[in-house]
Structures are given as structure tokens and as C-alpha cells.
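The file target25.json contains JSON, N, CA, C and O atoms:
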[["chain", "number", "residue", "atom", "x", "y", "z"],
["A", 27, "MET", "N", 26.12, -39.58, -3.52],
["A", 27, "MET", "CA", 24.82, -39.82, -2.94],
["A", 27, "MET", "C", 23.82, -38.86, -3.59],
["A", 27, "MET", "O", 24.05, -37.67, -3.66],
["A", 28, "THR", "N", 22.74, -39.39, -4.04],
["A", 28, "THR", "CA", 21.73, -38.56, -4.68],
["A", 28, "THR", "C", 20.55, -38.37, -3.74],
["A", 28, "THR", "O", 20.27, -39.21, -2.88],
["A", 29, "GLU", "N", 19.88, -37.27, -3.93],
["A", 29, "GLU", "CA", 18.73, -36.97, -3.08],
["A", 29, "GLU", "C", 17.47, -37.49, -3.73],
["A", 29, "GLU", "O", 17.32, -37.46, -4.94],
["A", 30, "SER", "N", 16.55, -37.92, -2.90],
["A", 30, "SER", "CA", 15.27, -38.37, -3.42],
["A", 30, "SER", "C", 14.43, -37.14, -3.75],
["A", 30, "SER", "O", 14.70, -36.04, -3.25],
["A", 31, "PRO", "N", 13.38, -37.27, -4.56],
["A", 31, "PRO", "CA", 12.54, -36.10, -4.89],
["A", 31, "PRO", "C", 11.92, -35.45, -3.66],
["A", 31, "PRO", "O", 11.67, -34.26, -3.65],
["A", 32, "GLU", "N", 11.68, -36.22, -2.61],
["A", 32, "GLU", "CA", 11.10, -35.65, -1.41],
["A", 32, "GLU", "C", 12.08, -34.73, -0.69],
["A", 32, "GLU", "O", 11.70, -33.80, 0.01],
["A", 33, "GLN", "N", 13.38, -35.00, -0.82],
["A", 33, "GLN", "CA", 14.40, -34.22, -0.12],
["A", 33, "GLN", "C", 14.86, -33.00, -0.90],
["A", 33, "GLN", "O", 15.51, -32.14, -0.35],
["A", 34, "GLN", "N", 14.53, -32.94, -2.18],
["A", 34, "GLN", "CA", 14.96, -31.80, -2.98],
["A", 34, "GLN", "C", 14.19, -30.57, -2.57],
["A", 34, "GLN", "O", 13.02, -30.63, -2.22],
["A", 35, "ARG", "N", 14.86, -29.45, -2.65],
["A", 35, "ARG", "CA", 14.22, -28.18, -2.29],
["A", 35, "ARG", "C", 13.26, -27.78, -3.41],
["A", 35, "ARG", "O", 13.62, -27.82, -4.58],
["A", 36, "PRO", "N", 12.06, -27.35, -3.05],
["A", 36, "PRO", "CA", 11.14, -26.90, -4.10],
["A", 36, "PRO", "C", 11.60, -25.56, -4.67],
["A", 36, "PRO", "O", 12.38, -24.83, -4.06],
["A", 37, "VAL", "N", 11.10, -25.25, -5.84],
["A", 37, "VAL", "CA", 11.43, -23.97, -6.46],
["A", 37, "VAL", "C", 10.82, -22.87, -5.62],
["A", 37, "VAL", "O", 9.62, -22.88, -5.34],
["A", 38, "VAL", "N", 11.64, -21.95, -5.21],
["A", 38, "VAL", "CA", 11.18, -20.89, -4.33],
["A", 38, "VAL", "C", 10.47, -19.82, -5.15],
["A", 38, "VAL", "O", 11.03, -19.28, -6.08],
["A", 39, "PRO", "N", 9.20, -19.52, -4.83],
["A", 39, "PRO", "CA", 8.48, -18.50, -5.60],
["A", 39, "PRO", "C", 9.06, -17.10, -5.41],
["A", 39, "PRO", "O", 8.78, -16.21, -6.18],
["A", 40, "ARG", "N", 9.89, -16.90, -4.39],
["A", 40, "ARG", "CA", 10.48, -15.57, -4.19],
["A", 40, "ARG", "C", 11.40, -15.21, -5.35],
["A", 40, "ARG", "O", 11.57, -14.06, -5.67],
["A", 41, "ARG", "N", 11.99, -16.20, -5.98],
["A", 41, "ARG", "CA", 12.84, -15.92, -7.14],
["A", 41, "ARG", "C", 12.01, -15.31, -8.27],
["A", 41, "ARG", "O", 12.45, -14.39, -8.95],
["A", 42, "ARG", "N", 10.81, -15.84, -8.45],
["A", 42, "ARG", "CA", 9.94, -15.29, -9.48],
["A", 42, "ARG", "C", 9.52, -13.87, -9.13],
["A", 42, "ARG", "O", 9.47, -13.00, -9.99],
["A", 43, "LEU", "N", 9.20, -13.65, -7.86],
["A", 43, "LEU", "CA", 8.81, -12.31, -7.43],
["A", 43, "LEU", "C", 9.96, -11.34, -7.59],
["A", 43, "LEU", "O", 9.79, -10.22, -8.07],
["A", 44, "ARG", "N", 11.15, -11.75, -7.20],
["A", 44, "ARG", "CA", 12.32, -10.88, -7.33],
["A", 44, "ARG", "C", 12.60, -10.55, -8.79],
["A", 44, "ARG", "O", 12.89, -9.42, -9.14],
["A", 45, "SER", "N", 12.50, -11.55, -9.66],
["A", 45, "SER", "CA", 12.76, -11.28, -11.08],
["A", 45, "SER", "C", 11.66, -10.39, -11.67],
["A", 45, "SER", "O", 11.92, -9.56, -12.53],
["A", 46, "ALA", "N", 10.42, -10.55, -11.19],
["A", 46, "ALA", "CA", 9.34, -9.70, -11.68],
["A", 46, "ALA", "C", 9.53, -8.27, -11.20],
["A", 46, "ALA", "O", 9.27, -7.32, -11.94],
["A", 47, "LEU", "N", 9.99, -8.09, -9.97],
["A", 47, "LEU", "CA", 10.20, -6.74, -9.45],
["A", 47, "LEU", "C", 11.38, -6.05, -10.12],
["A", 47, "LEU", "O", 11.39, -4.83, -10.25],
["A", 48, "THR", "N", 12.38, -6.80, -10.52],
["A", 48, "THR", "CA", 13.53, -6.16, -11.18],
["A", 48, "THR", "C", 13.18, -5.71, -12.59],
["A", 48, "THR", "O", 13.84, -4.83, -13.12],
["A", 49, "ARG", "N", 12.14, -6.29, -13.18],
["A", 49, "ARG", "CA", 11.74, -5.87, -14.52],
["A", 49, "ARG", "C", 10.88, -4.62, -14.51],
["A", 49, "ARG", "O", 10.68, -3.98, -15.53],
["A", 50, "LEU", "N", 10.31, -4.27, -13.35],
["A", 50, "LEU", "CA", 9.47, -3.08, -13.26],
["A", 50, "LEU", "C", 10.32, -1.82, -13.30],
["A", 50, "LEU", "O", 11.47, -1.82, -12.86],
["A", 51, "PRO", "N", 9.77, -0.71, -13.79],
["A", 51, "PRO", "CA", 10.51, 0.54, -13.75],
["A", 51, "PRO", "C", 10.67, 1.03, -12.32],
["A", 51, "PRO", "O", 9.95, 0.61, -11.41],
["A", 52, "GLN", "N", 11.61, 1.95, -12.11],
["A", 52, "GLN", "CA", 11.91, 2.41, -10.76],
["A", 52, "GLN", "C", 10.78, 3.23, -10.17],
["A", 52, "GLN", "O", 10.69, 3.35, -8.95],
["A", 53, "TRP", "N", 9.91, 3.80, -10.96],
["A", 53, "TRP", "CA", 8.86, 4.66, -10.46],
["A", 53, "TRP", "C", 7.58, 3.91, -10.14],
["A", 53, "TRP", "O", 6.55, 4.51, -9.84],
["A", 54, "TRP", "N", 7.59, 2.59, -10.14],
["A", 54, "TRP", "CA", 6.37, 1.82, -9.91],
["A", 54, "TRP", "C", 5.77, 2.03, -8.53],
["A", 54, "TRP", "O", 4.54, 1.93, -8.38],
["A", 55, "PRO", "N", 6.53, 2.34, -7.45],
["A", 55, "PRO", "CA", 5.86, 2.53, -6.16],
["A", 55, "PRO", "C", 4.94, 3.75, -6.12],
["A", 55, "PRO", "O", 3.97, 3.77, -5.36],
["A", 56, "LEU", "N", 5.21, 4.77, -6.93],
["A", 56, "LEU", "CA", 4.39, 5.97, -6.91],
["A", 56, "LEU", "C", 2.94, 5.68, -7.29],
["A", 56, "LEU", "O", 2.03, 6.00, -6.52],
["A", 57, "PRO", "N", 2.64, 5.07, -8.42],
["A", 57, "PRO", "CA", 1.23, 4.78, -8.72],
["A", 57, "PRO", "C", 0.63, 3.77, -7.75],
["A", 57, "PRO", "O", -0.57, 3.85, -7.44],
["A", 58, "ALA", "N", 1.44, 2.85, -7.23],
["A", 58, "ALA", "CA", 0.91, 1.89, -6.26],
["A", 58, "ALA", "C", 0.49, 2.60, -4.98],
["A", 58, "ALA", "O", -0.58, 2.31, -4.42],
["A", 59, "CYS", "N", 1.28, 3.56, -4.52],
["A", 59, "CYS", "CA", 0.94, 4.30, -3.31],
["A", 59, "CYS", "C", -0.25, 5.23, -3.54],
["A", 59, "CYS", "O", -1.08, 5.41, -2.64],
["A", 60, "VAL", "N", -0.34, 5.82, -4.73],
["A", 60, "VAL", "CA", -1.49, 6.67, -5.04],
["A", 60, "VAL", "C", -2.76, 5.83, -5.04],
["A", 60, "VAL", "O", -3.79, 6.23, -4.48],
["A", 61, "LEU", "N", -2.70, 4.67, -5.63],
["A", 61, "LEU", "CA", -3.86, 3.77, -5.65],
["A", 61, "LEU", "C", -4.22, 3.32, -4.23],
["A", 61, "LEU", "O", -5.41, 3.32, -3.86],
["A", 62, "LEU", "N", -3.25, 2.97, -3.43],
["A", 62, "LEU", "CA", -3.50, 2.56, -2.06],
["A", 62, "LEU", "C", -4.11, 3.70, -1.24],
["A", 62, "LEU", "O", -5.06, 3.50, -0.48],
["A", 63, "GLY", "N", -3.60, 4.91, -1.41],
["A", 63, "GLY", "CA", -4.15, 6.06, -0.69],
["A", 63, "GLY", "C", -5.56, 6.38, -1.12],
["A", 63, "GLY", "O", -6.41, 6.73, -0.30],
["A", 64, "THR", "N", -5.83, 6.27, -2.40],
["A", 64, "THR", "CA", -7.18, 6.54, -2.91],
["A", 64, "THR", "C", -8.18, 5.53, -2.36],
["A", 64, "THR", "O", -9.26, 5.90, -1.89],
["A", 65, "VAL", "N", -7.81, 4.27, -2.40],
["A", 65, "VAL", "CA", -8.70, 3.23, -1.89],
["A", 65, "VAL", "C", -8.90, 3.40, -0.39],
["A", 65, "VAL", "O", -10.03, 3.27, 0.11],
["A", 66, "SER", "N", -7.85, 3.71, 0.33],
["A", 66, "SER", "CA", -7.97, 3.90, 1.79],
["A", 66, "SER", "C", -8.85, 5.10, 2.12],
["A", 66, "SER", "O", -9.71, 5.02, 3.00],
["A", 67, "GLY", "N", -8.65, 6.21, 1.44],
["A", 67, "GLY", "CA", -9.45, 7.40, 1.69],
["A", 67, "GLY", "C", -10.91, 7.21, 1.35],
["A", 67, "GLY", "O", -11.80, 7.63, 2.10],
["A", 68, "LEU", "N", -11.18, 6.58, 0.23],
["A", 68, "LEU", "CA", -12.57, 6.33, -0.16],
["A", 68, "LEU", "C", -13.26, 5.38, 0.82],
["A", 68, "LEU", "O", -14.41, 5.60, 1.19],
["A", 69, "SER", "N", -12.55, 4.34, 1.22],
["A", 69, "SER", "CA", -13.18, 3.39, 2.14],
["A", 69, "SER", "C", -13.42, 4.04, 3.50],
["A", 69, "SER", "O", -14.46, 3.81, 4.12],
["A", 70, "TYR", "N", -12.51, 4.88, 3.97],
["A", 70, "TYR", "CA", -12.74, 5.57, 5.23],
["A", 70, "TYR", "C", -13.91, 6.54, 5.11],
["A", 70, "TYR", "O", -14.74, 6.63, 5.99],
["A", 71, "GLY", "N", -13.97, 7.27, 4.01],
["A", 71, "GLY", "CA", -15.06, 8.22, 3.81],
["A", 71, "GLY", "C", -16.41, 7.56, 3.72],
["A", 71, "GLY", "O", -17.42, 8.11, 4.16],
["A", 72, "LEU", "N", -16.47, 6.37, 3.16],
["A", 72, "LEU", "CA", -17.74, 5.68, 3.01],
["A", 72, "LEU", "C", -18.14, 4.91, 4.26],
["A", 72, "LEU", "O", -19.33, 4.77, 4.56],
["A", 73, "LEU", "N", -17.17, 4.40, 5.01],
["A", 73, "LEU", "CA", -17.48, 3.53, 6.14],
["A", 73, "LEU", "C", -17.52, 4.25, 7.48],
["A", 73, "LEU", "O", -18.17, 3.78, 8.41],
["A", 74, "ALA", "N", -16.85, 5.37, 7.63],
["A", 74, "ALA", "CA", -16.82, 6.08, 8.91],
["A", 74, "ALA", "C", -18.13, 6.83, 9.10],
["A", 74, "ALA", "O", -18.72, 7.35, 8.17],
["A", 75, "SER", "N", -18.57, 6.86, 10.35],
["A", 75, "SER", "CA", -19.80, 7.60, 10.64],
["A", 75, "SER", "C", -19.50, 9.10, 10.61],
["A", 75, "SER", "O", -18.47, 9.54, 11.10],
["A", 76, "PRO", "N", -20.40, 9.89, 10.03],
["A", 76, "PRO", "CA", -20.13, 11.33, 9.95],
["A", 76, "PRO", "C", -20.22, 11.99, 11.32],
["A", 76, "PRO", "O", -21.11, 11.68, 12.12],
["A", 77, "GLN", "N", -19.27, 12.86, 11.60],
["A", 77, "GLN", "CA", -19.24, 13.60, 12.86],
["A", 77, "GLN", "C", -19.05, 15.07, 12.51],
["A", 77, "GLN", "O", -18.07, 15.43, 11.86],
["A", 78, "TYR", "N", -19.97, 15.87, 12.96],
["A", 78, "TYR", "CA", -19.92, 17.29, 12.65],
["A", 78, "TYR", "C", -19.81, 18.08, 13.95],
["A", 78, "TYR", "O", -20.48, 17.78, 14.93],
["A", 79, "GLU", "N", -19.00, 19.09, 13.94],
["A", 79, "GLU", "CA", -18.86, 19.96, 15.10],
["A", 79, "GLU", "C", -18.55, 21.35, 14.56],
["A", 79, "GLU", "O", -17.69, 21.53, 13.70],
["A", 80, "ALA", "N", -19.27, 22.31, 15.08],
["A", 80, "ALA", "CA", -19.04, 23.69, 14.64],
["A", 80, "ALA", "C", -18.98, 24.59, 15.86],
["A", 80, "ALA", "O", -19.75, 24.45, 16.80],
["A", 81, "THR", "N", -18.05, 25.49, 15.83],
["A", 81, "THR", "CA", -17.97, 26.50, 16.87],
["A", 81, "THR", "C", -17.88, 27.86, 16.19],
["A", 81, "THR", "O", -17.29, 27.97, 15.11],
["A", 82, "SER", "N", -18.46, 28.84, 16.80],
["A", 82, "SER", "CA", -18.39, 30.18, 16.21],
["A", 82, "SER", "C", -18.32, 31.19, 17.33],
["A", 82, "SER", "O", -18.73, 30.94, 18.47],
["A", 83, "SER", "N", -17.82, 32.33, 16.98],
["A", 83, "SER", "CA", -17.78, 33.42, 17.94],
["A", 83, "SER", "C", -17.94, 34.71, 17.17],
["A", 83, "SER", "O", -17.59, 34.81, 15.98],
["A", 84, "ALA", "N", -18.47, 35.71, 17.84],
["A", 84, "ALA", "CA", -18.67, 37.02, 17.21],
["A", 84, "ALA", "C", -18.15, 38.08, 18.16],
["A", 84, "ALA", "O", -18.27, 37.98, 19.38],
["A", 85, "MET", "N", -17.58, 39.12, 17.61],
["A", 85, "MET", "CA", -17.06, 40.22, 18.41],
["A", 85, "MET", "C", -17.54, 41.52, 17.79],
["A", 85, "MET", "O", -17.40, 41.74, 16.59],
["A", 86, "ALA", "N", -18.11, 42.34, 18.62],
["A", 86, "ALA", "CA", -18.58, 43.66, 18.15],
["A", 86, "ALA", "C", -17.74, 44.74, 18.81],
["A", 86, "ALA", "O", -17.51, 44.70, 20.02],
["A", 87, "VAL", "N", -17.27, 45.66, 18.00],
["A", 87, "VAL", "CA", -16.45, 46.74, 18.52],
["A", 87, "VAL", "C", -17.15, 48.06, 18.15],
["A", 87, "VAL", "O", -17.48, 48.28, 16.97],
["A", 88, "ALA", "N", -17.35, 48.92, 19.12],
["A", 88, "ALA", "CA", -17.99, 50.21, 18.86],
["A", 88, "ALA", "C", -16.94, 51.20, 18.39],
["A", 88, "ALA", "O", -15.87, 51.33, 18.97],
["A", 89, "GLU", "N", -17.25, 51.87, 17.31],
["A", 89, "GLU", "CA", -16.33, 52.88, 16.82],
["A", 89, "GLU", "C", -16.80, 54.26, 17.29],
["A", 89, "GLU", "O", -17.97, 54.48, 17.55],
["A", 90, "GLU", "N", -15.93, 55.21, 17.35],
["A", 90, "GLU", "CA", -16.26, 56.56, 17.81],
["A", 90, "GLU", "C", -17.02, 57.32, 16.78],
["A", 90, "GLU", "O", -16.92, 57.27, 15.64]]

Please re-express this file's structure in C-alpha cells.
Amino acid sequence: MTESPEQQRPVVPRRRLRSALTRLPQWWPLPACVLLGTVSGLSYGLLASPQYEATSSAMAVAEE
């Protein structure tokens, strides 16, 4: 019994992704994480409203 074209399983794109990931060097997550952190930090710095708070204290001690 043969399957019709409608019943055949399509080519799974995960195979292409898996083969592409196996060709990458083992250290590829490091630059990806650095890039993600840089983009996240810059976007937070540009989009967050600035909040400033300062506290100070002074102590004077009399010497003999």
C-alpha cells in the first residue's frame, strides 16, 4: 500500500536546524550570550526612566 502525497510526512525543518547547530563550533553560545546581554542592557538603559536617590551622612569627632 502506498501513501498519497497528502499523507506523507513533510520534511521536518528541525533536521536542518540540528544539522546547522552541529556544524557550529562549541564556543558559539558565548558570543550569542554577550550579544544578547549587550542588547538587553542597552535597551533597558535607554527605555527605563531614570531614578536617582542619594543619601549622605557626616560625622564630626573632636580631638583633644

Just the helix (DSSP H, G or I) stuff from stretch 50-84 of chain A, please, per backbone DSSP, written as a PyMOL selection string.
chain A and resi 55-73

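Straight-line separation from atom N of A:Pro55 to atom C of A:Leu43: 14.1 Å.
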
One number please: atom CA of A:Arg42 to atom CA of A:Ala58, in Å, one decimal.
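These two atoms are separated by 19.7 Å.
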
Kindly give the distance, in Å, that separates atom O of A:Pro51 and atom O of A:Pro39, rounded to a single decimal.
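Pair atom O of A:Pro51 / atom O of A:Pro39 returns 17.7 Å.
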